[in-house]
file coords-v5.txt (compact mmCIF, C-alpha atoms and all ligand atoms)
# COMPACT_ATOMS: atom_id res chain seq x y z
CA MET A 1 11.22 -35.17 -150.40
CA ASN A 2 8.52 -32.84 -151.68
CA GLU A 3 6.50 -35.40 -153.60
CA THR A 4 3.93 -35.80 -150.84
CA ALA A 5 2.81 -32.15 -150.99
CA ALA A 6 0.17 -30.96 -153.45
CA PRO A 7 -1.14 -33.35 -156.12
CA LEU A 8 0.66 -32.96 -159.42
CA PRO A 9 -0.98 -30.65 -161.96
CA THR A 10 -2.44 -32.23 -165.06
CA GLN A 11 -1.05 -31.86 -168.55
CA ALA A 12 -4.15 -29.79 -169.38
CA GLN A 13 -3.26 -27.30 -166.62
CA ILE A 14 0.36 -27.10 -167.75
CA SER A 15 -0.68 -26.74 -171.41
CA ALA A 16 -3.05 -23.91 -170.46
CA GLU A 17 -0.23 -22.14 -168.62
CA ILE A 18 2.06 -22.60 -171.63
CA ALA A 19 -0.62 -21.16 -173.92
CA ALA A 20 -1.07 -18.14 -171.62
CA ALA A 21 2.64 -17.28 -171.42
CA PRO A 22 3.76 -14.08 -173.20
CA SER A 23 4.96 -14.99 -176.68
CA GLY A 24 7.99 -13.94 -178.68
CA ARG A 25 10.86 -14.80 -176.33
CA SER A 26 13.82 -16.11 -178.30
CA GLU A 27 15.63 -17.13 -175.09
CA PRO A 28 14.01 -19.22 -172.37
CA ALA A 29 12.08 -17.19 -169.81
CA LEU A 30 14.18 -17.79 -166.69
CA GLY A 31 11.11 -18.02 -164.51
CA PHE A 32 8.62 -20.12 -166.45
CA ALA A 33 5.85 -21.33 -164.17
CA PRO A 34 4.84 -24.38 -166.24
CA TYR A 35 8.37 -25.69 -165.47
CA ARG A 36 7.74 -25.97 -161.75
CA SER A 37 11.39 -26.42 -160.71
CA SER A 38 12.15 -22.96 -162.09
CA LEU A 39 9.95 -21.13 -159.60
CA LEU A 40 12.45 -20.82 -156.75
CA ARG A 41 15.57 -20.88 -158.88
CA PHE A 42 15.44 -17.84 -161.14
CA PRO A 43 16.58 -14.29 -160.36
CA THR A 44 13.63 -11.92 -160.07
CA LYS A 45 15.82 -8.82 -160.06
CA ASP A 46 17.07 -7.47 -163.38
CA LEU A 47 20.39 -8.71 -164.70
CA ARG A 48 23.11 -6.03 -164.56
CA GLN A 49 24.75 -4.95 -167.79
CA ALA A 50 28.53 -5.43 -167.64
CA ASP A 51 31.27 -4.73 -170.14
CA PRO A 52 33.26 -7.92 -170.40
CA GLU A 53 36.85 -7.56 -169.23
CA GLY A 54 39.79 -9.66 -168.15
CA ALA A 55 38.96 -13.34 -167.82
CA GLU A 56 35.50 -12.78 -169.30
CA LEU A 57 37.07 -12.11 -172.69
CA LEU A 58 38.78 -15.48 -172.96
CA ALA A 59 37.15 -18.89 -173.02
CA PRO A 60 39.12 -21.82 -171.63
CA VAL A 61 41.27 -23.67 -174.14
CA PHE A 62 41.09 -27.44 -174.60
CA GLY A 63 43.57 -29.52 -176.53
CA GLN A 64 44.18 -32.92 -178.01
CA HIS A 65 45.50 -34.23 -174.70
CA ASP A 66 42.22 -33.31 -173.00
CA VAL A 67 39.92 -35.31 -175.25
CA ASP A 68 40.39 -38.81 -176.68
CA PRO A 69 38.90 -38.95 -180.22
CA LEU A 70 37.16 -42.20 -179.21
CA GLU A 71 35.00 -40.19 -176.80
CA ALA A 72 33.03 -38.95 -179.82
CA ASP A 73 31.66 -42.44 -180.43
CA LEU A 74 29.11 -43.29 -177.73
CA THR A 75 28.50 -46.72 -179.25
CA ILE A 76 31.93 -48.13 -178.40
CA GLN A 77 32.41 -47.04 -174.80
CA ALA A 78 31.29 -50.26 -173.13
CA GLY A 79 31.70 -53.94 -173.96
CA GLY A 80 29.29 -54.25 -176.86
CA GLU A 81 26.85 -52.47 -179.13
CA PRO A 82 24.16 -50.45 -177.37
CA LEU A 83 20.53 -51.06 -178.28
CA GLY A 84 18.65 -48.50 -180.34
CA GLU A 85 18.85 -46.63 -183.62
CA ARG A 86 22.47 -45.81 -184.40
CA ILE A 87 22.76 -42.17 -185.49
CA LEU A 88 25.34 -39.59 -186.50
CA LEU A 89 24.97 -36.11 -184.96
CA THR A 90 27.03 -33.49 -186.71
CA GLY A 91 27.07 -29.77 -187.31
CA ARG A 92 29.05 -26.58 -186.85
CA VAL A 93 29.60 -24.35 -183.85
CA LEU A 94 29.55 -20.69 -184.94
CA ASP A 95 29.87 -17.46 -183.05
CA GLY A 96 27.28 -14.69 -183.37
CA ASP A 97 29.14 -13.25 -186.35
CA GLY A 98 29.05 -16.55 -188.20
CA ARG A 99 32.70 -17.41 -187.60
CA PRO A 100 33.52 -21.04 -186.82
CA VAL A 101 34.50 -21.83 -183.24
CA ARG A 102 37.64 -23.85 -183.81
CA HIS A 103 39.22 -26.62 -181.74
CA GLN A 104 36.78 -26.07 -178.92
CA LEU A 105 35.22 -28.56 -176.51
CA VAL A 106 31.73 -30.00 -177.09
CA GLU A 107 30.23 -32.23 -174.40
CA ILE A 108 27.00 -34.24 -174.71
CA TRP A 109 24.93 -36.50 -172.48
CA GLN A 110 21.69 -38.33 -173.09
CA ALA A 111 19.30 -41.09 -172.08
CA ASN A 112 19.54 -44.52 -173.70
CA ALA A 113 17.12 -45.82 -176.34
CA SER A 114 14.62 -46.69 -173.60
CA GLY A 115 14.68 -43.20 -172.06
CA ARG A 116 16.86 -44.07 -169.06
CA TYR A 117 19.96 -42.23 -167.86
CA ILE A 118 22.81 -43.89 -166.02
CA HIS A 119 22.24 -41.62 -163.05
CA GLN A 120 21.33 -42.57 -159.50
CA ARG A 121 18.50 -40.06 -159.51
CA ASP A 122 16.86 -41.54 -162.58
CA GLN A 123 14.21 -43.90 -161.19
CA HIS A 124 12.29 -44.40 -164.44
CA PRO A 125 11.62 -48.16 -164.58
CA ALA A 126 12.99 -48.56 -168.09
CA PRO A 127 15.98 -50.83 -168.72
CA ILE A 128 19.54 -49.66 -168.26
CA ASP A 129 21.66 -50.60 -171.26
CA PRO A 130 24.96 -52.04 -169.99
CA ASN A 131 26.55 -51.06 -173.31
CA PHE A 132 25.60 -47.40 -173.18
CA THR A 133 26.88 -44.68 -170.88
CA GLY A 134 25.35 -41.79 -172.80
CA VAL A 135 28.32 -39.42 -172.40
CA GLY A 136 30.50 -38.01 -175.18
CA ARG A 137 33.06 -35.31 -175.86
CA CYS A 138 34.87 -33.98 -178.87
CA LEU A 139 36.80 -30.97 -180.10
CA THR A 140 35.52 -29.02 -183.10
CA ASP A 141 37.76 -29.09 -186.16
CA ALA A 142 39.32 -26.09 -187.95
CA ASP A 143 35.95 -25.27 -189.55
CA GLY A 144 34.00 -25.56 -186.30
CA ASN A 145 32.55 -28.99 -187.13
CA TYR A 146 31.68 -31.48 -184.43
CA SER A 147 30.53 -35.05 -184.92
CA PHE A 148 29.21 -37.77 -182.61
CA THR A 149 28.12 -41.34 -183.28
CA THR A 150 25.48 -42.41 -180.79
CA ILE A 151 22.00 -43.93 -180.57
CA LYS A 152 18.73 -42.06 -180.64
CA PRO A 153 17.61 -41.40 -177.06
CA GLY A 154 14.10 -42.28 -175.94
CA PRO A 155 11.59 -39.87 -174.39
CA TYR A 156 11.30 -40.18 -170.62
CA PRO A 157 8.78 -39.33 -167.90
CA TRP A 158 9.46 -36.74 -165.20
CA GLN A 159 7.77 -35.35 -162.13
CA ASN A 160 6.82 -31.85 -163.33
CA HIS A 161 3.17 -32.81 -163.67
CA ARG A 162 1.05 -35.92 -164.13
CA ASN A 163 1.98 -37.94 -167.19
CA ALA A 164 4.79 -35.52 -168.05
CA TRP A 165 7.18 -36.74 -170.76
CA ARG A 166 10.27 -35.03 -172.12
CA PRO A 167 10.69 -35.09 -175.91
CA ALA A 168 13.73 -37.12 -176.92
CA HIS A 169 16.80 -34.89 -176.57
CA VAL A 170 20.56 -34.75 -176.29
CA HIS A 171 22.12 -32.33 -173.79
CA PHE A 172 24.90 -30.17 -175.29
CA SER A 173 27.56 -28.10 -173.50
CA LEU A 174 29.44 -25.55 -175.63
CA PHE A 175 32.18 -22.96 -175.32
CA GLY A 176 33.06 -20.10 -177.63
CA THR A 177 36.15 -17.96 -177.73
CA ASP A 178 34.83 -15.60 -175.00
CA PHE A 179 33.87 -16.83 -171.55
CA THR A 180 30.57 -14.95 -172.06
CA GLN A 181 29.60 -17.25 -174.95
CA ARG A 182 29.11 -20.28 -172.72
CA LEU A 183 26.01 -22.27 -173.67
CA VAL A 184 24.30 -25.35 -172.28
CA THR A 185 21.26 -26.46 -174.21
CA GLN A 186 19.33 -29.45 -175.54
CA MET A 187 19.01 -30.75 -179.09
CA TYR A 188 15.72 -32.31 -180.20
CA PHE A 189 14.66 -34.58 -183.06
CA PRO A 190 12.32 -33.48 -185.86
CA GLY A 191 8.62 -34.24 -185.64
CA ASP A 192 8.44 -35.09 -181.95
CA GLN A 193 4.79 -35.23 -180.85
CA LEU A 194 5.79 -34.14 -177.32
CA PHE A 195 7.05 -30.65 -178.28
CA ALA A 196 3.73 -28.91 -177.66
CA LEU A 197 3.42 -30.50 -174.21
CA ASP A 198 6.92 -29.86 -172.86
CA PRO A 199 7.38 -26.79 -170.63
CA ILE A 200 11.17 -26.81 -171.02
CA TYR A 201 11.04 -26.65 -174.82
CA GLN A 202 8.09 -24.23 -174.65
CA SER A 203 9.95 -21.88 -172.28
CA ILE A 204 11.28 -20.36 -175.52
CA THR A 205 8.04 -18.76 -176.60
CA ASP A 206 9.17 -17.66 -180.09
CA PRO A 207 8.44 -20.70 -182.30
CA ALA A 208 11.23 -19.90 -184.77
CA ALA A 209 13.75 -19.66 -181.94
CA ARG A 210 12.82 -22.96 -180.31
CA GLU A 211 12.86 -24.69 -183.68
CA ARG A 212 16.57 -23.82 -183.79
CA LEU A 213 16.96 -26.55 -181.16
CA VAL A 214 15.64 -29.19 -183.55
CA ALA A 215 18.09 -31.15 -185.68
CA THR A 216 17.41 -31.89 -189.35
CA TYR A 217 17.37 -35.39 -190.76
CA GLU A 218 19.82 -35.37 -193.65
CA HIS A 219 19.83 -38.43 -195.82
CA ASP A 220 23.26 -37.72 -197.27
CA LEU A 221 24.66 -38.06 -193.76
CA SER A 222 23.10 -41.49 -193.35
CA GLN A 223 25.41 -44.39 -194.08
CA HIS A 224 24.49 -47.49 -196.06
CA GLU A 225 23.45 -50.32 -193.74
CA TRP A 226 24.96 -48.50 -190.77
CA LEU A 227 23.28 -45.35 -189.36
CA LEU A 228 20.94 -42.38 -189.83
CA GLY A 229 22.36 -38.86 -190.04
CA TYR A 230 21.19 -35.67 -188.33
CA ARG A 231 22.60 -32.17 -188.68
CA TRP A 232 22.41 -29.48 -186.02
CA ASP A 233 24.32 -26.20 -186.22
CA ILE A 234 24.82 -24.14 -183.07
CA VAL A 235 25.17 -20.35 -182.97
CA LEU A 236 26.63 -18.72 -179.85
CA THR A 237 26.46 -15.07 -178.88
CA GLY A 238 28.95 -12.66 -180.42
CA SER A 239 32.51 -12.50 -179.24
CA HIS A 240 33.66 -9.29 -177.53
CA ALA A 241 37.37 -9.64 -178.04
CA THR A 242 38.86 -7.45 -180.76
CA PRO A 243 39.89 -9.86 -183.51
CA LEU A 244 43.66 -10.06 -183.77
CA GLU A 245 45.16 -9.27 -187.13
CA GLY A 246 45.89 -12.47 -188.97
CA GLU A 247 43.86 -14.66 -186.63
CA ASP A 248 42.56 -16.53 -189.65
CA HIS A 249 46.04 -17.90 -190.17
CA ALA A 250 46.48 -19.09 -186.60
CA MET B 251 24.00 -12.88 -189.26
CA PRO B 252 23.10 -16.42 -188.14
CA GLU B 253 20.46 -16.57 -185.43
CA ARG B 254 21.46 -17.57 -181.98
CA THR B 255 20.71 -20.99 -180.53
CA PRO B 256 18.72 -20.65 -177.29
CA GLY B 257 19.82 -22.24 -174.03
CA GLN B 258 18.03 -24.94 -172.05
CA THR B 259 18.39 -26.14 -168.48
CA VAL B 260 21.30 -28.41 -167.60
CA GLY B 261 18.62 -30.65 -166.02
CA PRO B 262 19.01 -33.14 -163.17
CA PHE B 263 21.19 -35.72 -164.92
CA PHE B 264 24.46 -33.93 -165.67
CA HIS B 265 26.41 -35.48 -162.81
CA TYR B 266 27.76 -38.43 -164.76
CA ALA B 267 28.67 -36.24 -167.73
CA LEU B 268 30.07 -32.85 -166.78
CA PRO B 269 32.03 -33.44 -163.54
CA TYR B 270 35.39 -35.18 -163.91
CA ASP B 271 38.38 -36.00 -161.72
CA GLY B 272 40.19 -32.80 -160.84
CA ASP B 273 37.47 -30.57 -162.31
CA ARG B 274 37.64 -28.10 -159.38
CA GLU B 275 41.36 -28.37 -158.77
CA LEU B 276 42.93 -25.55 -160.77
CA MET B 277 45.72 -26.04 -158.22
CA PRO B 278 46.38 -29.31 -156.41
CA VAL B 279 44.46 -29.35 -153.13
CA GLY B 280 46.56 -27.85 -150.34
CA THR B 281 48.78 -25.80 -152.65
CA GLY B 282 46.40 -22.95 -153.37
CA ILE B 283 43.49 -21.19 -151.74
CA ARG B 284 40.04 -22.61 -151.36
CA LEU B 285 37.13 -20.71 -152.91
CA HIS B 286 33.86 -22.13 -151.63
CA GLY B 287 30.26 -21.38 -150.79
CA ILE B 288 26.69 -22.58 -150.83
CA VAL B 289 24.11 -22.09 -153.57
CA TYR B 290 20.63 -21.24 -152.22
CA ASP B 291 17.23 -21.10 -153.86
CA GLY B 292 14.52 -18.50 -153.27
CA ALA B 293 13.24 -20.34 -150.19
CA GLY B 294 16.71 -20.29 -148.62
CA GLU B 295 17.20 -24.00 -149.24
CA PRO B 296 20.57 -25.25 -150.52
CA VAL B 297 20.61 -26.29 -154.20
CA PRO B 298 22.19 -29.76 -154.43
CA ASP B 299 22.10 -29.95 -158.22
CA ALA B 300 23.86 -26.79 -159.37
CA LEU B 301 27.12 -26.50 -161.29
CA LEU B 302 29.54 -23.57 -161.24
CA GLU B 303 32.38 -22.81 -163.60
CA ILE B 304 35.06 -20.20 -162.98
CA ARG B 305 37.50 -18.47 -165.33
CA GLN B 306 40.31 -16.37 -163.92
CA ALA B 307 43.73 -14.80 -164.28
CA ASP B 308 46.75 -16.23 -162.53
CA ALA B 309 48.37 -14.38 -159.62
CA ALA B 310 50.29 -12.17 -162.06
CA GLY B 311 47.11 -11.07 -163.84
CA VAL B 312 47.58 -13.23 -166.93
CA VAL B 313 44.56 -15.19 -168.13
CA PRO B 314 46.05 -18.51 -169.26
CA GLN B 315 45.22 -19.71 -172.74
CA VAL B 316 46.64 -23.18 -172.40
CA PRO B 317 44.93 -26.57 -172.70
CA GLY B 318 44.87 -29.13 -169.91
CA SER B 319 41.75 -28.35 -167.89
CA LEU B 320 40.43 -31.90 -168.38
CA LEU B 321 43.85 -33.47 -167.92
CA ARG B 322 45.04 -31.48 -164.86
CA ASN B 323 48.68 -32.38 -165.35
CA GLY B 324 50.13 -29.54 -163.31
CA VAL B 325 49.46 -26.69 -165.72
CA PHE B 326 47.41 -23.78 -164.39
CA THR B 327 44.65 -23.27 -166.97
CA GLY B 328 42.54 -20.65 -165.20
CA TRP B 329 39.32 -22.62 -165.62
CA GLY B 330 37.45 -25.05 -163.39
CA ARG B 331 34.08 -26.66 -162.76
CA SER B 332 32.38 -27.67 -159.51
CA SER B 333 29.02 -29.31 -158.98
CA THR B 334 27.33 -28.65 -155.63
CA ASP B 335 27.04 -31.44 -153.09
CA LEU B 336 23.95 -32.53 -151.13
CA ALA B 337 24.40 -29.50 -148.86
CA GLY B 338 24.55 -27.15 -151.85
CA GLU B 339 28.28 -26.50 -151.44
CA TYR B 340 30.75 -25.96 -154.26
CA TRP B 341 34.52 -25.51 -153.89
CA PHE B 342 37.59 -24.79 -155.97
CA SER B 343 41.27 -25.12 -155.17
CA THR B 344 42.94 -22.27 -157.00
CA VAL B 345 45.03 -19.10 -156.73
CA GLU B 346 43.78 -15.58 -156.11
CA PRO B 347 43.57 -13.86 -159.47
CA GLY B 348 45.77 -10.86 -160.07
CA SER B 349 44.60 -7.62 -161.60
CA VAL B 350 44.22 -7.72 -165.40
CA ASP B 351 45.06 -4.36 -167.03
CA GLY B 352 44.63 -2.56 -163.72
CA GLY B 353 41.06 -3.79 -163.10
CA ALA B 354 39.79 -5.13 -159.79
CA PRO B 355 40.61 -8.84 -159.60
CA PHE B 356 37.68 -11.23 -159.91
CA PHE B 357 36.66 -14.75 -160.76
CA ALA B 358 34.25 -14.85 -163.73
CA VAL B 359 31.49 -17.33 -162.93
CA THR B 360 28.82 -19.23 -164.86
CA VAL B 361 26.00 -20.92 -162.94
CA PHE B 362 23.86 -23.85 -164.08
CA ALA B 363 21.22 -25.82 -162.17
CA ARG B 364 18.25 -28.06 -162.54
CA GLY B 365 15.32 -25.65 -162.65
CA LEU B 366 17.44 -22.85 -164.08
CA LEU B 367 16.40 -22.56 -167.73
CA ASP B 368 19.52 -20.74 -168.92
CA ARG B 369 22.99 -20.11 -167.54
CA LEU B 370 23.68 -17.14 -165.30
CA PHE B 371 26.86 -15.08 -165.17
CA THR B 372 28.38 -13.28 -162.22
CA ARG B 373 31.73 -12.17 -160.80
CA ILE B 374 33.31 -12.96 -157.47
CA TYR B 375 35.58 -10.07 -156.47
CA LEU B 376 38.41 -10.49 -153.99
CA PRO B 377 37.99 -8.74 -150.61
CA ASN B 378 38.76 -4.99 -150.49
CA PRO B 379 38.62 -4.42 -154.23
CA PRO B 380 40.16 -1.30 -155.77
CA ALA B 381 38.01 1.07 -157.86
CA ASP B 382 35.93 -0.86 -160.39
CA ARG B 383 33.40 0.29 -162.95
CA LEU B 384 30.83 -2.42 -162.28
CA LEU B 385 31.08 -2.16 -158.50
CA ALA B 386 30.85 1.62 -158.72
CA SER B 387 27.49 1.26 -160.48
CA LEU B 388 26.03 -0.70 -157.53
CA ASP B 389 24.78 0.46 -154.16
CA HIS B 390 26.70 -0.59 -151.06
CA GLU B 391 24.55 -3.67 -150.35
CA ASP B 392 24.81 -4.94 -153.91
CA GLN B 393 28.56 -4.34 -153.94
CA ALA B 394 28.88 -6.55 -150.89
CA ARG B 395 26.92 -9.25 -152.72
CA MET B 396 29.69 -9.50 -155.33
CA ILE B 397 32.68 -9.65 -152.98
CA ALA B 398 34.05 -12.81 -151.37
CA THR B 399 34.62 -12.95 -147.61
CA ARG B 400 37.95 -14.00 -146.11
CA GLU B 401 37.43 -16.83 -143.64
CA LYS B 402 39.61 -17.43 -140.59
CA ASP B 403 41.34 -20.34 -142.33
CA GLY B 404 42.32 -18.04 -145.21
CA SER B 405 39.79 -19.43 -147.64
CA LEU B 406 37.43 -17.29 -149.70
CA ARG B 407 33.72 -17.71 -149.04
CA PHE B 408 31.07 -16.71 -151.53
CA ASP B 409 27.45 -17.84 -151.30
CA LEU B 410 25.08 -17.57 -154.22
CA HIS B 411 21.39 -16.78 -153.86
CA LEU B 412 19.48 -17.53 -157.04
CA GLN B 413 16.44 -15.62 -155.78
CA GLY B 414 15.09 -13.75 -152.76
CA ASP B 415 15.82 -10.58 -150.78
CA ASN B 416 19.48 -11.43 -150.74
CA GLN B 417 19.60 -12.40 -154.41
CA SER B 418 23.07 -12.37 -155.95
CA ILE B 419 23.91 -9.91 -158.70
CA PHE B 420 23.77 -11.60 -162.09
CA LEU B 421 25.24 -10.09 -165.21
CA THR B 422 24.37 -9.69 -168.84
CA TYR B 423 26.80 -8.63 -171.54
CA PRO B 424 26.41 -6.66 -174.76
CA GLY B 425 24.84 -8.90 -177.39
CA HIS B 426 23.01 -11.02 -174.83
CA GLN B 427 19.41 -10.01 -174.44
FE FE C 501 17.52 -34.94 -170.23
call {"tool": "encode", "arguments": {"input": "coords-v5.txt", "output": "structure tokens"}}
result
Amino acid sequence: MNETAAPLPTQAQISAEIAAAPSGRSEPALGFAPYRSSLLRFPTKDLRQADPEGAELLAPVFGQHDVDPLEADLTIQAGGEPLGERILLTGRVLDGDGRPVRHQLVEIWQANASGRYIHQRDQHPAPIDPNFTGVGRCLTDADGNYSFTTIKPGPYPWQNHRNAWRPAHVHFSLFGTDFTQRLVTQMYFPGDQLFALDPIYQSITDPAARERLVATYEHDLSQHEWLLGYRWDIVLTGSHATPLEGEDHA
Amino acid sequence: MPERTPGQTVGPFFHYALPYDGDRELMPVGTGIRLHGIVYDGAGEPVPDALLEIRQADAAGVVPQVPGSLLRNGVFTGWGRSSTDLAGEYWFSTVEPGSVDGGAPFFAVTVFARGLLDRLFTRIYLPNPPADRLLASLDHEDQARMIATREKDGSLRFDLHLQGDNQSIFLTYPGHQ
């Protein structure tokens, strides 16, 4: 393993690098030095412009046989109730033109309330919750809505630098109607004191753009004596396929 | 127009969430061809925590729009997902795509990895492609970097280099920045 090499940088060094990065990027900079793992894993040559054709114009299709509705409730997948704050995560998946992405797959994964993943590589000495796997799936409805019941994940430490902590987040995997709309991202919770320190969140150097990754607490989504509600809408890139006449009636 | 949601890295902990039984078997193993290769980083080291997805036409050039990719109950859906193993290798069991509307046949590919802050797109063309607009815009070396190699066992080999002299060709589409 590489851990024995150079001593880890301090948060102050990483924060200085974040502050020095060119601002105004509404997508993550692929090579973002404060996120050390990016250094050898990003293309340095320009991306090539392509006109989407063939299979690129059509996202995969998922159906009711692919996804059990119970997979949208991460609090019932093991024997008992997981520990932590029970929450509802809901929102709409839209394409770049504001149209709902209907009946499409949404996948999520997350740490438990203590900030621990059920993953062999997660060595953080926080407790595993035997009642929480941290994995969910659902299909959006006819208006593009998705909804998950889960618990609020905890922040967790990582090896990017000394005393590095990820803000609490839920990983999201999304499809559109085009293959080119594929998106994997992370949803954050409002008011997290770790935002300013996190090189992954800060790799989007336009503040308004990165704030689009932060859910909103919405009291009307909270349920009496049961859970707290958060809303997070997701906007994909535009679709390239020519809309078929009458597709709204499909 | 609503504003686009930015991407973030898939991170190191996707293995218990995104892979599933049959994820890379668009065709049952042994009934199709094998598409495989190794993902390398800029130091030439294999990347053991990458994830590839492919989208493709069937042999007749029809891109299936049928559900069942998670179920894998014998229907060819034209979509699959493969994480890389400890040696950086991915593989799919599938069919060779046919030409769609006369274009050169290819697998459309999305790449994710720990350390990669946003997804990358590319194409894997079949060997000896006919005339193609994208390939025609590339020099000979870069063309070769987008075309799979036929191995002696009949499989298709395609390595991906995220960075370096031999970096793969990655694509952007209108509307992406
Ligand atoms: Fe994470």
call {"tool": "closest_atom_pairs", "arguments": {"input": "coords-v5.txt", "of": "chain A", "to": "ligand FE 501 (chain C)", "cutoff": "7 Å", "atoms": "all atoms listed in the file", "output": "tab-separated table"}}
result
residue	atom	partner	partner_atom	distance
A:Gln110	CA	C:FE501	FE	6.1
A:Ala111	CA	C:FE501	FE	6.7
A:His169	CA	C:FE501	FE	6.4
A:Val170	CA	C:FE501	FE	6.8
A:His171	CA	C:FE501	FE	6.4
call {"tool": "interface_residues", "arguments": {"input": "coords-v5.txt", "of": "chain B", "to": "chain A", "cutoff": "8 Å", "atoms": "only C-alpha atoms", "output": "short mmCIF file (atom, residue, chain, number, x, y, z; two decimals) with C-alpha atoms, in the frame of the given file"}}
result
data_model
loop_
_atom_site.label_atom_id
_atom_site.label_comp_id
_atom_site.auth_asym_id
_atom_site.auth_seq_id
_atom_site.Cartn_x
_atom_site.Cartn_y
_atom_site.Cartn_z
CA MET B 251 24.00 -12.88 -189.26
CA PRO B 252 23.10 -16.42 -188.14
CA GLU B 253 20.46 -16.57 -185.43
CA ARG B 254 21.46 -17.57 -181.98
CA THR B 255 20.71 -20.99 -180.53
CA PRO B 256 18.72 -20.65 -177.29
CA GLY B 257 19.82 -22.24 -174.03
CA GLN B 258 18.03 -24.94 -172.05
CA THR B 259 18.39 -26.14 -168.48
CA VAL B 260 21.30 -28.41 -167.60
CA PRO B 262 19.01 -33.14 -163.17
CA PHE B 263 21.19 -35.72 -164.92
CA PHE B 264 24.46 -33.93 -165.67
CA HIS B 265 26.41 -35.48 -162.81
CA TYR B 266 27.76 -38.43 -164.76
CA ALA B 267 28.67 -36.24 -167.73
CA LEU B 268 30.07 -32.85 -166.78
CA ASP B 291 17.23 -21.10 -153.86
CA GLY B 292 14.52 -18.50 -153.27
CA ALA B 293 13.24 -20.34 -150.19
CA ARG B 305 37.50 -18.47 -165.33
CA GLN B 306 40.31 -16.37 -163.92
CA ALA B 307 43.73 -14.80 -164.28
CA VAL B 313 44.56 -15.19 -168.13
CA GLN B 315 45.22 -19.71 -172.74
CA VAL B 316 46.64 -23.18 -172.40
CA PRO B 317 44.93 -26.57 -172.70
CA GLY B 318 44.87 -29.13 -169.91
CA SER B 319 41.75 -28.35 -167.89
CA LEU B 320 40.43 -31.90 -168.38
CA LEU B 321 43.85 -33.47 -167.92
CA THR B 327 44.65 -23.27 -166.97
CA GLY B 328 42.54 -20.65 -165.20
CA TRP B 329 39.32 -22.62 -165.62
CA VAL B 350 44.22 -7.72 -165.40
CA ASP B 351 45.06 -4.36 -167.03
CA GLY B 353 41.06 -3.79 -163.10
CA PHE B 357 36.66 -14.75 -160.76
CA ALA B 358 34.25 -14.85 -163.73
CA THR B 360 28.82 -19.23 -164.86
CA ARG B 364 18.25 -28.06 -162.54
CA GLY B 365 15.32 -25.65 -162.65
CA LEU B 366 17.44 -22.85 -164.08
CA LEU B 367 16.40 -22.56 -167.73
CA ASP B 368 19.52 -20.74 -168.92
CA ARG B 369 22.99 -20.11 -167.54
CA PHE B 371 26.86 -15.08 -165.17
CA LEU B 384 30.83 -2.42 -162.28
CA LEU B 412 19.48 -17.53 -157.04
CA GLN B 413 16.44 -15.62 -155.78
CA GLY B 414 15.09 -13.75 -152.76
CA GLN B 417 19.60 -12.40 -154.41
CA ILE B 419 23.91 -9.91 -158.70
CA PHE B 420 23.77 -11.60 -162.09
CA LEU B 421 25.24 -10.09 -165.21
CA THR B 422 24.37 -9.69 -168.84
CA TYR B 423 26.80 -8.63 -171.54
CA PRO B 424 26.41 -6.66 -174.76
CA GLY B 425 24.84 -8.90 -177.39
CA HIS B 426 23.01 -11.02 -174.83
#
call {"tool": "residues_around", "arguments": {"input": "coords-v5.txt", "residues": "Glu17 (chain A)", "least_positions_apart": "4", "cutoff": "9 Å", "atoms": "only C-alpha atoms", "output": "PyMOL selection string"}}
result
chain A and resi 12-13+21+33-34
call {"tool": "atom_distance", "arguments": {"input": "coords-v5.txt", "atom1": "CA of Leu70 (chain A)", "atom2": "CA of Leu227 (chain A)"}}
result
17.5 Å
call {"tool": "atom_distance", "arguments": {"input": "coords-v5.txt", "atom1": "CA of Asn145 (chain A)", "atom2": "CA of Val101 (chain A)"}}
result
8.4 Å
call {"tool": "closest_residue", "arguments": {"input": "coords-v5.txt", "among": "B:Phe362, B:Phe342, B:Phe326, B:Tyr290", "to": "Arg274 (chain B)", "atoms": "all atoms listed in the file"}}
result
B:Phe342
call {"tool": "residues_near_point", "arguments": {"input": "coords-v5.txt", "point": "(11.0, -33.7, -186.4)", "cutoff": "9 Å", "atoms": "only C-alpha atoms", "output": "PyMOL selection string"}}
result
chain A and resi 188-193+214-217
call {"tool": "closest_residue", "arguments": {"input": "coords-v5.txt", "among": "A:Ile151, A:Val106, A:Ala16, A:Leu174", "to": "Glu71 (chain A)", "atoms": "only C-alpha atoms"}}
result
A:Val106
call {"tool": "residues_near_point", "arguments": {"input": "coords-v5.txt", "point": "(39.0, -19.7, -153.3)", "cutoff": "12 Å", "atoms": "all atoms listed in the file", "output": "PyMOL selection string"}}
result
chain B and resi 274-277+279-287+304+306+330+340-347+356-357+374-377+397-401+403-409
call {"tool": "atom_distance", "arguments": {"input": "coords-v5.txt", "atom1": "CA of Thr205 (chain A)", "atom2": "CA of Gln11 (chain A)"}}
result
17.9 Å
call {"tool": "axis_aligned_box", "arguments": {"input": "coords-v5.txt", "around": "region 22-33 of chain A", "padding_each_side": "6 Å", "output": "AutoDock Vina command-line options"}}
result
--center_x 9.7 --center_y -17.6 --center_z -171.4 --size_x 23.9 --size_y 19.4 --size_z 26.5
call {"tool": "residues_around", "arguments": {"input": "coords-v5.txt", "residues": "Ala164 (chain A)", "least_positions_apart": "6", "cutoff": "10 Å", "atoms": "all atoms listed in the file", "output": "PyMOL selection string"}}
result
chain A and resi 8-11+14+156-158+194+197-199
call {"tool": "closest_residue", "arguments": {"input": "coords-v5.txt", "among": "A:Arg86, A:His124, A:Pro69, A:Pro153", "to": "Trp226 (chain A)", "atoms": "all atoms listed in the file"}}
result
A:Arg86
